[in-house]
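Shown next, in structure tokens, is the structure this report addresses.
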There are 2 protein chains.
Amino acid sequence: MAEQNQIKQNAYRSDGFIGKYQRLVSDTVIPYQYKVLNDKAEGAEKSHVVQNFINAGKAVRGEDPGDGFYGMVFQDSDAAKWIEAAAYSLANFPDPALEKQVDDLIDIIAAAQDEDGYLDTYFTIKDKDKRWMNLLEAHELYCAGHMIEAACAYYESTGKMRLLDVMRKNAALIYKVFVEDGHGGFPGHPEIELALMKMYHLTGDKKCLALAEYFINTRGTDPDYYRRECDARDWKVWGNDPGNGEYQQSNIPLRKAERAAGHAVRAVYLYTGMADLAAETGDGELFGACRRLWDSITKRQMYITGGIGSTVHGEAFSVDFDLPPDTAYAETCASIGLMFFASRMLENEVNGEYADVMEQAFYNTVLAGMQLDGKRFFYVNPLEVIPGISGVSPTHRHDLTQRPGWYTCACCPPNAARLISSFGKYAYGENDDTVFCHLFAAGTVSFENGMELVCETGYPYSFTVRYKVTGTGKVAVRIPHWSAEYSLAVNAESFNDAPVDGYVYIPVHGEAEIILTLDGTPRFVYASPKVPRLTGCTAVCRGPLVYCFEGADNDGDVLSLKLCTGGSIGVTEDPGLLGGTVKLAVPAVRVSQTEGLYTTSKPTETPCTAYAVPYYAWGNRGENQMRVWLPVNE
Amino acid sequence: MAEQNQIKQNAYRSDGFIGKYQRLVSDTVIPYQYKVLNDKAEGAEKSHVVQNFINAGKAVRGEDPGDGFYGMVFQDSDAAKWIEAAAYSLANFPDPALEKQVDDLIDIIAAAQDEDGYLDTYFTIKDKDKRWMNLLEAHELYCAGHMIEAACAYYESTGKMRLLDVMRKNAALIYKVFVEDGHGGFPGHPEIELALMKMYHLTGDKKCLALAEYFINTRGTDPDYYRRECDARDWKVWGNDPGNGEYQQSNIPLRKAERAAGHAVRAVYLYTGMADLAAETGDGELFGACRRLWDSITKRQMYITGGIGSTVHGEAFSVDFDLPPDTAYAETCASIGLMFFASRMLENEVNGEYADVMEQAFYNTVLAGMQLDGKRFFYVNPLEVIPGISGVSPTHRHDLTQRPGWYTCACCPPNAARLISSFGKYAYGENDDTVFCHLFAAGTVSFENGMELVCETGYPYSFTVRYKVTGTGKVAVRIPHWSAEYSLAVNAESFNDAPVDGYVYIPVHGEAEIILTLDGTPRFVYASPKVPRLTGCTAVCRGPLVYCFEGADNDGDVLSLKLCTGGSIGVTEDPGLLGGTVKLAVPAVRVSQTEGLYTTSKPTETPCTAYAVPYYAWGNRGENQMRVWLPVNE
């Protein structure tokens, strides 16, 4: 199918379920993160990120850089991600005070840029002679990527050029160093590739395209690069193993890649850049690699929640079908990156499976990453938590039972904020004559082709989606794979065209009302028997939401529950529960065995009802047991 | 109940199932290990252990110590464990050539002892001024303990004093250093405590008792000892964290211990010494601690296979009920140590639960540690192996699908050898007027109280055990907890006395034939719902044997099997299979789902028969799937 392009976030105004989250980000997350960046948030770990830019500015001017650099080597990116989130949020909710905060911060950042365009406070403050010497660990290109994204977003939202100019100058320097001067190497943490593609789409600057292409084409072609780099310097950041090419996806030319491997966030950021480049250049070989990597992730290495990177060891992909619920890593940022990748795959070919996965990742892992009050965040998103084991056992230390506050490594919270604020970019797309409704979210969107669309829906809790469309062209509405039945009405008449690759294409001339009705029947889901941990188990889903069973709804004990898949699942709206949700009542038995660790006495089974709540809302009622997959009782 | 004492191994001659294993150890394991110790085994990693003793002898005589020390800091213990295994084996199968090998090795060892009694090749060769400075890591006391055990065993088997004299002199030095001179501290790796108790039982030397008591009483009373020790030296072995008191059981006075924690082998070796000391001194407080630790292990932290220490992180106990089948550590040596602990608990009180666990550990984890041909060994004993994940996934790297050969750290193979060779010590005990039949093993045993017993049985595959007893006294026969029914006949008449704490006491005057018939019906076993991984699952056992399902018997795929616990289990003897075994046929269904990773289509279930073989024999037919716990299909 024809490819599509993302819309601009400022062409979208949202309300409903997504709008509530965007409001939460705007009202709570962004202001709190601003305090963190400025070291004014009580209880948060010291950030120093704004001060780093101030100090770097002093260094650039030849002054004493005050209290120097503090934080992670990639501390700058926290500021970038905050600006990007704020930019998208400003598109949703204009806010002059916030805009001034951003402008002031951009002034500080601009002042920290060296004359030649270099911008990275770590090296500017500490030792500018060490630039580009540690691509493996020092995250210069990663930070540049995030700041490029911020610059693009802020320009898109506000039309202000300042940060974009800064980052175009920075990108020009990087182009000179790597492409013209032949420095060699590629970023240890991919990110700049997708950012350069964004800047290219926005500005048309061919150097951005060429630089992204350079990094993607050279990666993995010189597997010893990091080893030589490491041997050539007498300093390190963490001491990463330069020989662990799988970890940083540098062991194989990307075009040859057969399976997603290594650090999951790095992987999906990289694949996003690859897919974007393939769509831009029509490079079929590169797209073929993207497609293999996509299948490797979504068909063999993805949790039902859209979580990816199942092992804490290297925050990485493991091997096929190794998807343990309880020791899962499944970093929030990795699922965000998976959404990026999916959206860029849609730019290559319109196919519902990409949007299905985007939705699966968003409504489950990404949203679960944030507490309902927007104040605490999970990096790690297990599918089973048992207090006493989770967070305590040596193999489960990373699987916390409660969301912690702000981390030293603050990647996930601002990443979630920018994703939620820019939801429209993922929900809608367009090409010449067609507008695409990938995800269902109430709101208003204006397309560059002149069409306008107003969406009304209580999704993901209601399964009726009503579109009012004006303009001339086609509306492509996705039919999610999970909807066993659906109906479409156009201007009150049934519309029966079959979906093509997951989308129904509806011609619109002037005005139309399109009503999509999806199947909101809760369903039992089963995993492939190739996933060792899940044979004999089932999970419960409704619409895009994966449900989970928490102790709070089940007398404190979900370990002894087995689900009766022969029965039907009850649906109860509860506006007072977990910010307003739908609770499911599942026929179950509770097993009981009081004879010790092992016994020949078959556990007694007492019929009961097991109650499930959406996975995204788990862990909001104190520490308790939580499980997504439960054994089946037939 | 009255306590009992272990018999001497040389009072026991075995045949049947155990005898076959003892023969394997004698014919294959001990000769192979002798080659390894002398660096003459092809394909084995370099040992150098004998050469270390030779070189240390040179150092003692003031000569150049040749090629110095090579190997682990505890390399000496390999020689000790081999001597101990050889000693027990000589009691079973007299062999002048082997005895000469041992005598010659003892000469070499004796020559490596310093004038003052010190014996440890690492320090004697490298730097004698560093003695006792690194109790945390350097394993001097651990090596001394193993050599003391070897000395006792060899004296018991052969009556030869040479090594016993060497080790009495060595123990006297340790007593002087720690008790008289007040050096302070306690062994980083416990072991010497149980060894000193052995030497005390053998020789009556009160210094051995006092030294064991000293180490047990001081341990954990000075939690900062290792920290100070570490600060006082500028060298290390591995750099163990002196602050990790839980790992080496030094964080709490042993009498206060509530739960088994830390490195599992260290723990059970230590608890063995504690239990032995408590039995000897009648120290009720110490026994109370032993009892709490026993419950902590066997009621909350033990696999159905008798495996303990569930996590690879520190080869350690995890938290209660954290017993993952697939990422299990469950070291062979830890289960051997659990047998030691159980046998010493029996010296405090005769109770069938100790022998039940001893049997559970032996017939499952300990035997599984060794390949059926006696040539390869597992350290790690998972309850589930899936090729492609096990041994490959970062969380499963330690869980190998096949037994490797000789390791650099060669603890388990000689440990299994000495345990199997000394099986009689665990199977039988006695006190003044009673002989105890803890485990069922064909053979002949002479007791110090003058009674003699001949046991005939095909156990663990036959469930009839026939004893011919001569002498006057009582025979205490254990009724295993797993035998739902049993019958006892004495001189062809039914004997109906109820068991007391798991033992039936049968008076014998002159001569008696006792026939015990146990219940060999295969049984489904269920775990407590507190074990997160096992809800909805069952395992199959018969007698003391835990069974497992291997791909080799199940069309290569056990992941898709669910067991129908409503059906009955078929029993088939197969003399040609896995060295002669009984295969079980379990009603099952095979689930099939070809729609991808997750689907709402309920997997189809095809009735089938699942075949199980004893867990101890798994992994002897090439790499394949293996599972102990399978989901239940009702």
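Going through the structure tokens in order, the chains are called A, B, and so on, while each chain numbers its residues from 1 and the ligands are numbered from 1 in the order shown.
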Can you tell me, as a VMD selection string, what residues are no more than 12 Å from stretch 283-292 of chain B when counting only C-alpha atoms, ignoring any on the same chain fewer than 6 positions away?
-> chain B and resid 213 216 to 217 252 to 260 267 to 277 298 to 300 341 to 342 344 to 349 351 353 to 354
Selection: 9 Å around B:Ala59, only C-alpha atoms, excl. self and same-chain fewer than 6 positions, as a list in words =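 Selected residues are Pro65, Gly66, Ala112, Thr124 and Ile125 of chain B.
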Export of the given selection (C-alpha atoms) as a PDB file, in the first residue's frame:
ATOM      1  CA  PRO B  65      59.124 -24.218  44.315  1.00  0.00           C
ATOM      2  CA  GLY B  66      59.404 -25.009  40.602  1.00  0.00           C
ATOM      3  CA  ALA B 112      54.112 -30.051  52.022  1.00  0.00           C
ATOM      4  CA  THR B 124      53.277 -21.974  51.354  1.00  0.00           C
ATOM      5  CA  ILE B 125      54.320 -21.452  47.745  1.00  0.00           C
TER       6      ILE B 125
END
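The shortest atom-to-atom distance to chain A, with only C-alpha atoms taken into account, belongs to B:Thr599 out of B:Gln248, B:Thr521, B:Ser421, B:Thr599.
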Residues near stretch 457-459 of chain B, cut-off 8 Å, only C-alpha atoms, skip fewer than 6 positions along chain, as a list in words |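 These residues fall inside the cut-off: Gly16, Phe17, Phe440, Ala441, Ala442, Val465 and Arg466 of chain B.
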Store the residues of this selection in a file with all heavy atoms, as a PDB file, in the first residue's frame.
ATOM      1  N   GLY B  16      22.914 -53.691  44.491  1.00  0.00           N
ATOM      2  CA  GLY B  16      21.682 -53.095  43.932  1.00  0.00           C
ATOM      3  C   GLY B  16      21.959 -51.758  43.269  1.00  0.00           C
ATOM      4  O   GLY B  16      23.067 -51.508  42.766  1.00  0.00           O
ATOM      5  N   PHE B  17      20.957 -50.908  43.263  1.00  0.00           N
ATOM      6  CA  PHE B  17      21.020 -49.628  42.572  1.00  0.00           C
ATOM      7  C   PHE B  17      22.179 -48.771  43.076  1.00  0.00           C
ATOM      8  O   PHE B  17      22.966 -48.235  42.297  1.00  0.00           O
ATOM      9  CB  PHE B  17      19.681 -48.899  42.784  1.00  0.00           C
ATOM     10  CG  PHE B  17      19.551 -47.592  42.064  1.00  0.00           C
ATOM     11  CD1 PHE B  17      19.104 -47.542  40.757  1.00  0.00           C
ATOM     12  CD2 PHE B  17      19.862 -46.396  42.700  1.00  0.00           C
ATOM     13  CE1 PHE B  17      18.968 -46.326  40.092  1.00  0.00           C
ATOM     14  CE2 PHE B  17      19.731 -45.174  42.044  1.00  0.00           C
ATOM     15  CZ  PHE B  17      19.280 -45.146  40.731  1.00  0.00           C
ATOM     16  N   PHE B 440      16.785 -46.836  51.918  1.00  0.00           N
ATOM     17  CA  PHE B 440      16.658 -48.234  51.523  1.00  0.00           C
ATOM     18  C   PHE B 440      17.691 -48.540  50.462  1.00  0.00           C
ATOM     19  O   PHE B 440      17.656 -47.955  49.372  1.00  0.00           O
ATOM     20  CB  PHE B 440      15.244 -48.494  51.015  1.00  0.00           C
ATOM     21  CG  PHE B 440      14.207 -47.991  51.990  1.00  0.00           C
ATOM     22  CD1 PHE B 440      13.432 -46.878  51.692  1.00  0.00           C
ATOM     23  CD2 PHE B 440      14.047 -48.612  53.231  1.00  0.00           C
ATOM     24  CE1 PHE B 440      12.506 -46.405  52.595  1.00  0.00           C
ATOM     25  CE2 PHE B 440      13.120 -48.132  54.142  1.00  0.00           C
ATOM     26  CZ  PHE B 440      12.345 -47.017  53.834  1.00  0.00           C
ATOM     27  N   ALA B 441      18.619 -49.442  50.800  1.00  0.00           N
ATOM     28  CA  ALA B 441      19.677 -49.757  49.856  1.00  0.00           C
ATOM     29  C   ALA B 441      20.135 -51.168  50.136  1.00  0.00           C
ATOM     30  O   ALA B 441      20.454 -51.509  51.280  1.00  0.00           O
ATOM     31  CB  ALA B 441      20.843 -48.783  50.019  1.00  0.00           C
ATOM     32  N   ALA B 442      20.125 -51.971  49.084  1.00  0.00           N
ATOM     33  CA  ALA B 442      20.562 -53.356  49.238  1.00  0.00           C
ATOM     34  C   ALA B 442      21.995 -53.386  49.734  1.00  0.00           C
ATOM     35  O   ALA B 442      22.819 -52.554  49.337  1.00  0.00           O
ATOM     36  CB  ALA B 442      20.445 -54.073  47.895  1.00  0.00           C
ATOM     37  N   VAL B 465      11.229 -54.127  50.479  1.00  0.00           N
ATOM     38  CA  VAL B 465      12.558 -54.091  51.094  1.00  0.00           C
ATOM     39  C   VAL B 465      12.592 -55.211  52.132  1.00  0.00           C
ATOM     40  O   VAL B 465      11.750 -55.249  53.038  1.00  0.00           O
ATOM     41  CB  VAL B 465      12.819 -52.737  51.780  1.00  0.00           C
ATOM     42  CG1 VAL B 465      14.272 -52.634  52.246  1.00  0.00           C
ATOM     43  CG2 VAL B 465      12.474 -51.568  50.842  1.00  0.00           C
ATOM     44  N   ARG B 466      13.558 -56.117  51.966  1.00  0.00           N
ATOM     45  CA  ARG B 466      13.616 -57.316  52.812  1.00  0.00           C
ATOM     46  C   ARG B 466      14.889 -57.221  53.672  1.00  0.00           C
ATOM     47  O   ARG B 466      15.982 -57.064  53.144  1.00  0.00           O
ATOM     48  CB  ARG B 466      13.692 -58.535  51.885  1.00  0.00           C
ATOM     49  CG  ARG B 466      13.597 -59.890  52.531  1.00  0.00           C
ATOM     50  CD  ARG B 466      13.736 -60.971  51.442  1.00  0.00           C
ATOM     51  NE  ARG B 466      12.790 -60.770  50.357  1.00  0.00           N
ATOM     52  CZ  ARG B 466      11.629 -61.424  50.219  1.00  0.00           C
ATOM     53  NH1 ARG B 466      11.277 -62.329  51.115  1.00  0.00           N
ATOM     54  NH2 ARG B 466      10.850 -61.185  49.184  1.00  0.00           N
TER      55      ARG B 466
END
Using only C-alpha atoms, determine which residues lie at most 6 Å from B:Leu488, disregarding the query and same-chain residues fewer than 3 positions distant; provide the list as a tab-separated table (two decimals) with C-alpha atoms, in the first residue's frame.
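Generated output (out21.tsv):
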chain	number	residue	atom	x	y	z
B	494	SER	CA	2.05	-58.64	60.09
B	495	PHE	CA	3.65	-56.03	62.31
B	515	ILE	CA	9.68	-57.22	54.95
B	516	LEU	CA	8.62	-53.68	54.26
For the interface of chain A with chain B (cut-off 7 Å, counting only C-alpha atoms), please tabulate each contacting residue of chain A alongside its nearest pair of atoms and their separation in Å to one decimal, rows sorted by chain and increasing number, as JSON lines.
{"residue": "A:Lys299", "atom": "CA", "partner": "B:Leu597", "partner_atom": "CA", "distance": 5.7}
{"residue": "A:Arg300", "atom": "CA", "partner": "B:Leu597", "partner_atom": "CA", "distance": 6.5}
{"residue": "A:His313", "atom": "CA", "partner": "B:Pro394", "partner_atom": "CA", "distance": 6.3}
{"residue": "A:Ser318", "atom": "CA", "partner": "B:Ser393", "partner_atom": "CA", "distance": 5.6}
{"residue": "A:Val319", "atom": "CA", "partner": "B:Ser393", "partner_atom": "CA", "distance": 5.8}
{"residue": "A:Asp322", "atom": "CA", "partner": "B:Ile389", "partner_atom": "CA", "distance": 6.5}
{"residue": "A:Ile389", "atom": "CA", "partner": "B:Val319", "partner_atom": "CA", "distance": 6.4}
{"residue": "A:Ser393", "atom": "CA", "partner": "B:Ser318", "partner_atom": "CA", "distance": 5.6}
{"residue": "A:Pro394", "atom": "CA", "partner": "B:His313", "partner_atom": "CA", "distance": 6.3}
{"residue": "A:Arg523", "atom": "CA", "partner": "B:Thr600", "partner_atom": "CA", "distance": 6.7}
{"residue": "A:Phe524", "atom": "CA", "partner": "B:Thr600", "partner_atom": "CA", "distance": 5.9}
{"residue": "A:Val525", "atom": "CA", "partner": "B:Thr600", "partner_atom": "CA", "distance": 4.4}
{"residue": "A:Tyr526", "atom": "CA", "partner": "B:Thr599", "partner_atom": "CA", "distance": 5.4}
{"residue": "A:Ala527", "atom": "CA", "partner": "B:Tyr598", "partner_atom": "CA", "distance": 4.5}
{"residue": "A:Ser528", "atom": "CA", "partner": "B:Leu597", "partner_atom": "CA", "distance": 5.0}
{"residue": "A:Pro529", "atom": "CA", "partner": "B:Ser560", "partner_atom": "CA", "distance": 5.3}
{"residue": "A:Lys530", "atom": "CA", "partner": "B:Leu559", "partner_atom": "CA", "distance": 6.7}
{"residue": "A:Pro532", "atom": "CA", "partner": "B:Leu559", "partner_atom": "CA", "distance": 6.1}
{"residue": "A:Thr535", "atom": "CA", "partner": "B:Ser560", "partner_atom": "CA", "distance": 6.6}
{"residue": "A:Gly536", "atom": "CA", "partner": "B:Pro631", "partner_atom": "CA", "distance": 5.6}
{"residue": "A:Leu559", "atom": "CA", "partner": "B:Pro529", "partner_atom": "CA", "distance": 6.1}
{"residue": "A:Ser560", "atom": "CA", "partner": "B:Pro529", "partner_atom": "CA", "distance": 5.4}
{"residue": "A:Gln593", "atom": "CA", "partner": "B:Ser528", "partner_atom": "CA", "distance": 6.1}
{"residue": "A:Gly596", "atom": "CA", "partner": "B:Ser528", "partner_atom": "CA", "distance": 6.2}
{"residue": "A:Leu597", "atom": "CA", "partner": "B:Ser528", "partner_atom": "CA", "distance": 5.0}
{"residue": "A:Tyr598", "atom": "CA", "partner": "B:Ala527", "partner_atom": "CA", "distance": 4.5}
{"residue": "A:Thr599", "atom": "CA", "partner": "B:Tyr526", "partner_atom": "CA", "distance": 5.4}
{"residue": "A:Thr600", "atom": "CA", "partner": "B:Val525", "partner_atom": "CA", "distance": 4.4}
{"residue": "A:Lys602", "atom": "CA", "partner": "B:Tyr526", "partner_atom": "CA", "distance": 6.5}
{"residue": "A:Pro631", "atom": "CA", "partner": "B:Gly536", "partner_atom": "CA", "distance": 5.6}
{"residue": "A:Glu634", "atom": "CA", "partner": "B:Glu634", "partner_atom": "CA", "distance": 6.3}
Of the residues A:Val613, A:Ala232, A:Val571, A:Ile7, which is the one nearest to A:Lys130, using only C-alpha atoms?
->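 Closest candidate: A:Ala232.
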Name the residues of stretch 301-444 of chain A that come out as alpha helix (DSSP H) in a backbone DSSP run; write them as a ChimeraX atom specification.
-> /A:332-348,352-360,367-368,412-421,423-427
Nearest to A:Lys375 among A:Pro413, A:Pro575, A:Gly580, A:Gly471, with distances taken over only C-alpha atoms: which residue is it?
-> A:Pro413
Expressed in Å, the length from atom CA of A:Leu372 to atom CA of A:Leu419 is 16.0 Å
Mind listing the strand (DSSP E or B) residues of stretch 191-397 of chain B, per DSSP on the backbone, as a list in words?
-> His263, Met302, Ile308, Thr311, Ala316, Met370, Phe377, Glu384, Val385, Pro387 and Ser390 of chain B
What's the 10 Å shell around A:Gly43, counting only C-alpha atoms, without same-chain residues fewer than 3 positions away, as a PyMOL selection string?
-> chain A and resi 36+39-40+46+405-406
Would you export the selected residues with C-alpha atoms as an mmCIF file, in the first residue's frame, please?
data_model
loop_
_atom_site.group_PDB
_atom_site.id
_atom_site.type_symbol
_atom_site.label_atom_id
_atom_site.label_comp_id
_atom_site.auth_asym_id
_atom_site.auth_seq_id
_atom_site.Cartn_x
_atom_site.Cartn_y
_atom_site.Cartn_z
ATOM 1 C CA VAL A 36 13.778 18.904 38.400
ATOM 2 C CA ASP A 39 17.054 21.515 40.908
ATOM 3 C CA LYS A 40 13.969 22.927 42.557
ATOM 4 C CA LYS A 46 19.946 16.422 41.783
ATOM 5 C CA GLY A 405 10.091 9.044 41.806
ATOM 6 C CA TRP A 406 12.637 10.751 39.588
#
